>>> print(open('protein15.pdb').read())   # PDB, C-alpha atoms
MODEL        1
ATOM      1  CA  MET A   1      69.995  66.562 128.951
ATOM      2  CA  GLU A   2      66.843  65.418 127.182
ATOM      3  CA  LYS A   3      66.825  68.591 125.069
ATOM      4  CA  GLN A   4      70.425  68.074 123.939
ATOM      5  CA  LYS A   5      69.769  64.513 122.824
ATOM      6  CA  LYS A   6      66.728  65.750 120.921
ATOM      7  CA  ALA A   7      68.839  68.410 119.136
ATOM      8  CA  VAL A   8      71.377  65.819 118.030
ATOM      9  CA  SER A   9      68.695  63.493 116.675
ATOM     10  CA  MET A  10      67.409  66.237 114.341
ATOM     11  CA  THR A  11      68.495  66.325 110.689
ATOM     12  CA  PHE A  12      70.960  68.945 109.560
ATOM     13  CA  ASP A  13      68.294  70.711 107.485
ATOM     14  CA  GLU A  14      66.240  71.199 110.628
ATOM     15  CA  ILE A  15      69.321  72.412 112.498
ATOM     16  CA  VAL A  16      70.051  74.945 109.724
ATOM     17  CA  ALA A  17      66.454  76.161 109.698
ATOM     18  CA  GLN A  18      66.627  76.804 113.456
ATOM     19  CA  ASN A  19      70.178  78.225 113.602
ATOM     20  CA  GLU A  20      70.651  80.041 110.304
ATOM     21  CA  ARG A  21      70.288  83.384 112.044
ATOM     22  CA  ARG A  22      73.460  82.629 114.033
ATOM     23  CA  ILE A  23      75.490  82.902 110.838
ATOM     24  CA  TYR A  24      73.906  86.249 109.954
ATOM     25  CA  TYR A  25      74.452  87.426 113.534
ATOM     26  CA  HIS A  26      78.178  86.712 113.361
ATOM     27  CA  LEU A  27      78.496  88.234 109.888
ATOM     28  CA  HIS A  28      76.925  91.399 111.269
ATOM     29  CA  LYS A  29      78.949  91.339 114.504
ATOM     30  CA  LEU A  30      82.226  90.911 112.617
ATOM     31  CA  ASN A  31      81.174  93.624 110.118
ATOM     32  CA  ILE A  32      81.582  91.318 107.128
ATOM     33  CA  ARG A  33      79.997  92.320 103.838
ATOM     34  CA  ASP A  34      78.968  89.203 101.982
ATOM     35  CA  PRO A  35      77.423  90.075  98.598
ATOM     36  CA  HIS A  36      78.265  86.679  97.085
ATOM     37  CA  HIS A  37      77.328  84.656 100.190
ATOM     38  CA  GLU A  38      80.828  83.171 100.444
ATOM     39  CA  PHE A  39      81.047  83.854 104.163
ATOM     40  CA  TYR A  40      77.546  82.516 104.664
ATOM     41  CA  GLN A  41      78.651  79.264 103.035
ATOM     42  CA  GLU A  42      81.673  79.144 105.334
ATOM     43  CA  GLY A  43      79.282  79.619 108.246
ATOM     44  CA  LEU A  44      77.207  76.670 107.007
ATOM     45  CA  VAL A  45      80.309  74.511 106.725
ATOM     46  CA  ALA A  46      81.306  75.529 110.250
ATOM     47  CA  MET A  47      77.820  74.653 111.463
ATOM     48  CA  TRP A  48      78.049  71.272 109.736
ATOM     49  CA  ASN A  49      81.428  70.575 111.353
ATOM     50  CA  ALA A  50      80.050  71.567 114.743
ATOM     51  CA  TYR A  51      77.002  69.348 114.183
ATOM     52  CA  GLU A  52      79.233  66.385 113.274
ATOM     53  CA  LYS A  53      81.708  66.834 116.126
ATOM     54  CA  TYR A  54      79.231  67.818 118.836
ATOM     55  CA  GLN A  55      79.467  65.936 122.115
ATOM     56  CA  PRO A  56      76.391  66.501 124.307
ATOM     57  CA  ASP A  57      78.260  66.015 127.583
ATOM     58  CA  LYS A  58      80.590  68.976 126.752
ATOM     59  CA  GLY A  59      77.921  71.687 126.711
ATOM     60  CA  PRO A  60      74.972  73.147 124.782
ATOM     61  CA  LEU A  61      74.917  72.808 121.008
ATOM     62  CA  ALA A  62      74.014  76.490 120.529
ATOM     63  CA  THR A  63      77.191  77.618 122.312
ATOM     64  CA  TYR A  64      79.289  75.256 120.224
ATOM     65  CA  PHE A  65      77.653  76.587 117.038
ATOM     66  CA  ASN A  66      78.431  80.174 118.037
ATOM     67  CA  TYR A  67      82.033  79.359 118.869
ATOM     68  CA  THR A  68      82.654  77.365 115.688
ATOM     69  CA  ILE A  69      80.933  79.785 113.296
ATOM     70  CA  ARG A  70      82.601  82.868 114.749
ATOM     71  CA  ASN A  71      86.096  81.372 114.692
ATOM     72  CA  ARG A  72      85.668  79.988 111.181
ATOM     73  CA  LEU A  73      84.588  83.389 109.884
ATOM     74  CA  ILE A  74      87.535  85.082 111.594
ATOM     75  CA  ASP A  75      89.911  82.543 110.021
ATOM     76  CA  VAL A  76      88.477  83.211 106.570
ATOM     77  CA  VAL A  77      88.774  86.991 107.033
ATOM     78  CA  ARG A  78      92.408  86.630 108.102
ATOM     79  CA  LYS A  79      93.158  84.341 105.174
ATOM     80  CA  GLU A  80      91.672  86.812 102.698
ATOM     81  CA  ALA A  81      93.629  89.671 104.271
ATOM     82  CA  ARG A  82      96.883  87.715 103.879
ATOM     83  CA  GLU A  83      96.040  86.925 100.269
ATOM     84  CA  LYS A  84      95.264  90.599  99.594
ATOM     85  CA  GLU A  85      98.613  91.637 101.087
ATOM     86  CA  LYS A  86     100.409  89.126  98.896
ATOM     87  CA  VAL A  87      98.619  90.378  95.783
ATOM     88  CA  ILE A  88      99.448  93.999  96.614
ATOM     89  CA  ALA A  89     103.107  93.135  97.259
ATOM     90  CA  TYR A  90     103.261  91.178  94.005
ATOM     91  CA  LYS A  91     101.696  94.040  92.034
ATOM     92  CA  GLN A  92     104.199  96.481  93.512
ATOM     93  CA  TYR A  93     107.043  94.116  92.713
ATOM     94  CA  GLN A  94     105.873  93.678  89.124
ATOM     95  CA  GLY A  95     105.245  97.393  88.694
ATOM     96  CA  VAL A  96     108.721  98.297  89.839
ATOM     97  CA  LYS A  97     110.245  95.490  87.813
ATOM     98  CA  GLU A  98     108.454  96.640  84.660
ATOM     99  CA  LYS A  99     109.368 100.288  85.126
ATOM    100  CA  THR A 100     113.056 100.134  85.997
ATOM    101  CA  GLY A 101     114.056  96.691  87.144
ATOM    102  CA  ASN A 102     115.824  98.357  90.063
ATOM    103  CA  TYR A 103     114.196  98.250  93.479
ATOM    104  CA  TYR A 104     114.842  97.565  97.114
ATOM    105  CA  LYS A 105     112.676  95.777  99.655
ATOM    106  CA  SER A 106     111.797  97.128 103.052
ATOM    107  CA  GLY A 107     109.170  95.762 105.388
ATOM    108  CA  GLY A 108     107.812  93.346 102.812
ATOM    109  CA  ASN A 109     107.257  96.083 100.213
ATOM    110  CA  ALA A 110     109.295  96.846  97.122
ATOM    111  CA  TYR A 111     110.296 100.441  96.426
ATOM    112  CA  PRO A 112     111.954 101.837  93.331
ATOM    113  CA  ILE A 113     115.486 103.120  93.611
ATOM    114  CA  LYS A 114     115.456 106.863  93.174
ATOM    115  CA  TYR A 115     118.157 108.127  90.919
ATOM    116  CA  ALA A 116     119.905 111.329  91.819
ATOM    117  CA  GLU A 117     120.056 113.931  89.137
ATOM    118  CA  GLY A 118     123.692 114.492  88.239
ATOM    119  CA  PRO A 119     125.556 116.286  85.537
ATOM    120  CA  ASN A 120     124.145 115.514  82.115
ATOM    121  CA  LEU A 121     127.276 114.510  80.236
ATOM    122  CA  GLU A 122     127.964 111.905  77.640
ATOM    123  CA  ALA A 123     130.209 108.956  78.535
ATOM    124  CA  GLU A 124     133.254 110.362  76.707
ATOM    125  CA  GLU A 125     132.910 113.717  78.420
ATOM    126  CA  LEU A 126     132.562 112.005  81.807
ATOM    127  CA  LEU A 127     135.707 109.993  81.216
ATOM    128  CA  GLN A 128     137.624 113.137  80.223
ATOM    129  CA  VAL A 129     136.490 114.927  83.389
ATOM    130  CA  ALA A 130     137.340 111.869  85.507
ATOM    131  CA  LYS A 131     140.785 111.588  83.915
ATOM    132  CA  ALA A 132     141.455 115.246  84.703
ATOM    133  CA  ILE A 133     140.716 114.915  88.425
ATOM    134  CA  LEU A 134     142.183 111.450  89.093
ATOM    135  CA  SER A 135     145.828 110.588  89.653
ATOM    136  CA  LYS A 136     147.629 108.294  87.195
ATOM    137  CA  ASN A 137     147.108 105.236  89.421
ATOM    138  CA  GLN A 138     143.460 106.094  90.140
ATOM    139  CA  TRP A 139     142.809 106.498  86.415
ATOM    140  CA  THR A 140     144.477 103.118  85.807
ATOM    141  CA  TRP A 141     142.149 101.540  88.368
ATOM    142  CA  LEU A 142     139.062 103.174  86.801
ATOM    143  CA  LYS A 143     140.025 102.134  83.289
ATOM    144  CA  LEU A 144     140.967  98.546  84.134
ATOM    145  CA  PHE A 145     138.562  97.720  86.965
ATOM    146  CA  VAL A 146     135.425  99.586  85.906
ATOM    147  CA  ILE A 147     135.657  99.830  82.143
ATOM    148  CA  GLU A 148     137.583  96.666  81.248
ATOM    149  CA  ASP A 149     136.169  94.637  84.159
ATOM    150  CA  MET A 150     139.478  93.263  85.425
ATOM    151  CA  THR A 151     139.949  91.931  88.960
ATOM    152  CA  THR A 152     142.105  93.739  91.508
ATOM    153  CA  LYS A 153     144.486  90.787  91.531
ATOM    154  CA  THR A 154     144.930  90.935  87.742
ATOM    155  CA  ILE A 155     145.487  94.704  87.869
ATOM    156  CA  ALA A 156     148.044  94.282  90.679
ATOM    157  CA  GLU A 157     149.975  91.675  88.676
ATOM    158  CA  ARG A 158     149.846  93.781  85.515
ATOM    159  CA  GLU A 159     151.030  96.966  87.284
ATOM    160  CA  GLY A 160     153.542  95.173  89.520
ATOM    161  CA  VAL A 161     152.021  96.317  92.828
ATOM    162  CA  SER A 162     150.160  94.699  95.723
ATOM    163  CA  VAL A 163     146.427  94.002  95.697
ATOM    164  CA  ASP A 164     146.042  96.402  98.644
ATOM    165  CA  ALA A 165     147.612  99.183  96.602
ATOM    166  CA  VAL A 166     145.081  98.656  93.814
ATOM    167  CA  LYS A 167     142.242  98.662  96.359
ATOM    168  CA  SER A 168     143.584 101.927  97.759
ATOM    169  CA  TRP A 169     143.597 103.472  94.272
ATOM    170  CA  GLY A 170     139.972 102.435  93.874
ATOM    171  CA  LYS A 171     138.970 103.814  97.254
ATOM    172  CA  GLU A 172     140.490 107.204  96.557
ATOM    173  CA  ALA A 173     139.094 107.291  93.006
ATOM    174  CA  ARG A 174     135.584 106.569  94.308
ATOM    175  CA  LYS A 175     135.855 109.414  96.827
ATOM    176  CA  LYS A 176     136.873 111.898  94.141
ATOM    177  CA  LEU A 177     134.214 110.715  91.691
ATOM    178  CA  GLN A 178     131.486 110.832  94.337
ATOM    179  CA  LYS A 179     132.426 114.427  95.162
ATOM    180  CA  LEU A 180     132.409 115.266  91.469
ATOM    181  CA  TYR A 181     129.006 113.687  90.965
ATOM    182  CA  ALA A 182     127.442 115.042  94.166
ATOM    183  CA  TYR A 183     128.622 118.633  93.868
ATOM    184  CA  GLY A 184     129.182 118.976  90.130
ATOM    185  CA  GLU A 185     132.780 120.145  90.696
ATOM    186  CA  GLY A 186     134.952 120.594  87.655
ATOM    187  CA  ILE A 187     132.034 120.450  85.245
TER
ENDMDL
END
>>> encode(input="protein15.pdb", output="structure tokens")
Amino acid sequence: MEKQKKAVSMTFDEIVAQNERRIYYHLHKLNIRDPHHEFYQEGLVAMWNAYEKYQPDKGPLATYFNYTIRNRLIDVVRKEAREKEKVIAYKQYQGVKEKTGNYYKSGGNAYPIKYAEGPNLEAEELLQVAKAILSKNQWTWLKLFVIEDMTTKTIAEREGVSVDAVKSWGKEARKKLQKLYAYGEGI
């Protein structure tokens, strides 16, 4: 008990001089490279906090130093890892955004949408091919819903049919157009 009281009555500079190797020990043990001595400074701050909060009746000061320094260094490593992950995710997001603007997220990462290679036709040619394979009602849906951007309700009122009928036209038109695009039929 006499030794512990003596350790507390020492100045912090004396404590650092005696316990500085503890910081280096934990840096080595945790395999931390510290070229700019940032982790060393964190170790000093941890040692200072331990020195300030130390209660002699709880145990030896050396054990408390080890515990505090080690946990502080681990916290800093984890914090830097989280920051690195955020920077990487942000760079990926910006890269995808700059390239295409189209992406999807999965597992915290952003991936570009891959476009399928389809028939290389101009818009007019595509519309002519679509008109040839679609029924009259399906063509009406394509023209009004897709090209003129009308709602199904507006189309239904204009054509004098139910909204469900217009939706059915769209469903069938999509099926035919997907087949056309996927297999290159009729082109």
>>> axis_aligned_box(input="protein15.pdb", around="stretch 132-139 of chain A", padding_each_side="8 Å", output="JSON")
{"center_x": 144.2, "center_y": 110.2, "center_z": 87.4, "size_x": 22.9, "size_y": 26.0, "size_z": 21.4}
>>> atom_distance(input="protein15.pdb", atom1="atom CA of A:Arg22", atom2="atom CA of A:Glu83")
26.8 Å
>>> closest_residue(input="protein15.pdb", among="A:Val161, A:Met10, A:Leu134, A:Ile32", to="A:Val77", atoms="only C-alpha atoms")
A:Ile32
>>> residues_around(input="protein15.pdb", residues="stretch 63-71 of chain A", least_positions_apart="3", cutoff="7 Å", atoms="all atoms listed in the file", output="VMD selection string")
chain A and resid 22 to 23 26 43 46 to 47 50 60 74 to 75
>>> atom_distance(input="protein15.pdb", atom1="atom CA of A:His37", atom2="atom CA of A:Lys91")
27.4 Å
>>> atom_distance(input="protein15.pdb", atom1="atom CA of A:His28", atom2="atom CA of A:Val87")
26.7 Å
>>> resolve_selection(input="protein15.pdb", expression="the PyMOL selection byres ((chain A and resi 140) around 10)", output="number ranges by chain")
A: 131, 134-139, 141-146, 155, 159, 166, 169-170, 173
>>> write_last_selection(input="protein15.pdb", atoms="C-alpha atoms", output="CSV table (one decimal), in the coordinates of the input")
chain,number,residue,atom,x,y,z
A,131,LYS,CA,140.8,111.6,83.9
A,134,LEU,CA,142.2,111.4,89.1
A,135,SER,CA,145.8,110.6,89.7
A,136,LYS,CA,147.6,108.3,87.2
A,137,ASN,CA,147.1,105.2,89.4
A,138,GLN,CA,143.5,106.1,90.1
A,139,TRP,CA,142.8,106.5,86.4
A,141,TRP,CA,142.1,101.5,88.4
A,142,LEU,CA,139.1,103.2,86.8
A,143,LYS,CA,140.0,102.1,83.3
A,144,LEU,CA,141.0,98.5,84.1
A,145,PHE,CA,138.6,97.7,87.0
A,146,VAL,CA,135.4,99.6,85.9
A,155,ILE,CA,145.5,94.7,87.9
A,159,GLU,CA,151.0,97.0,87.3
A,166,VAL,CA,145.1,98.7,93.8
A,169,TRP,CA,143.6,103.5,94.3
A,170,GLY,CA,140.0,102.4,93.9
A,173,ALA,CA,139.1,107.3,93.0
>>> closest_residue(input="protein15.pdb", among="A:Ile88, A:Val16, A:Leu177, A:Ile133", to="A:Asn109", atoms="all atoms listed in the file")
A:Ile88
>>> closest_residue(input="protein15.pdb", among="A:Leu180, A:Tyr93, A:Gly59, A:Lys84", to="A:Leu127", atoms="all atoms listed in the file")
A:Leu180
>>> closest_residue(input="protein15.pdb", among="A:Leu73, A:Ser168, A:Lys86, A:Gly95", to="A:Asp34", atoms="only C-alpha atoms")
A:Leu73
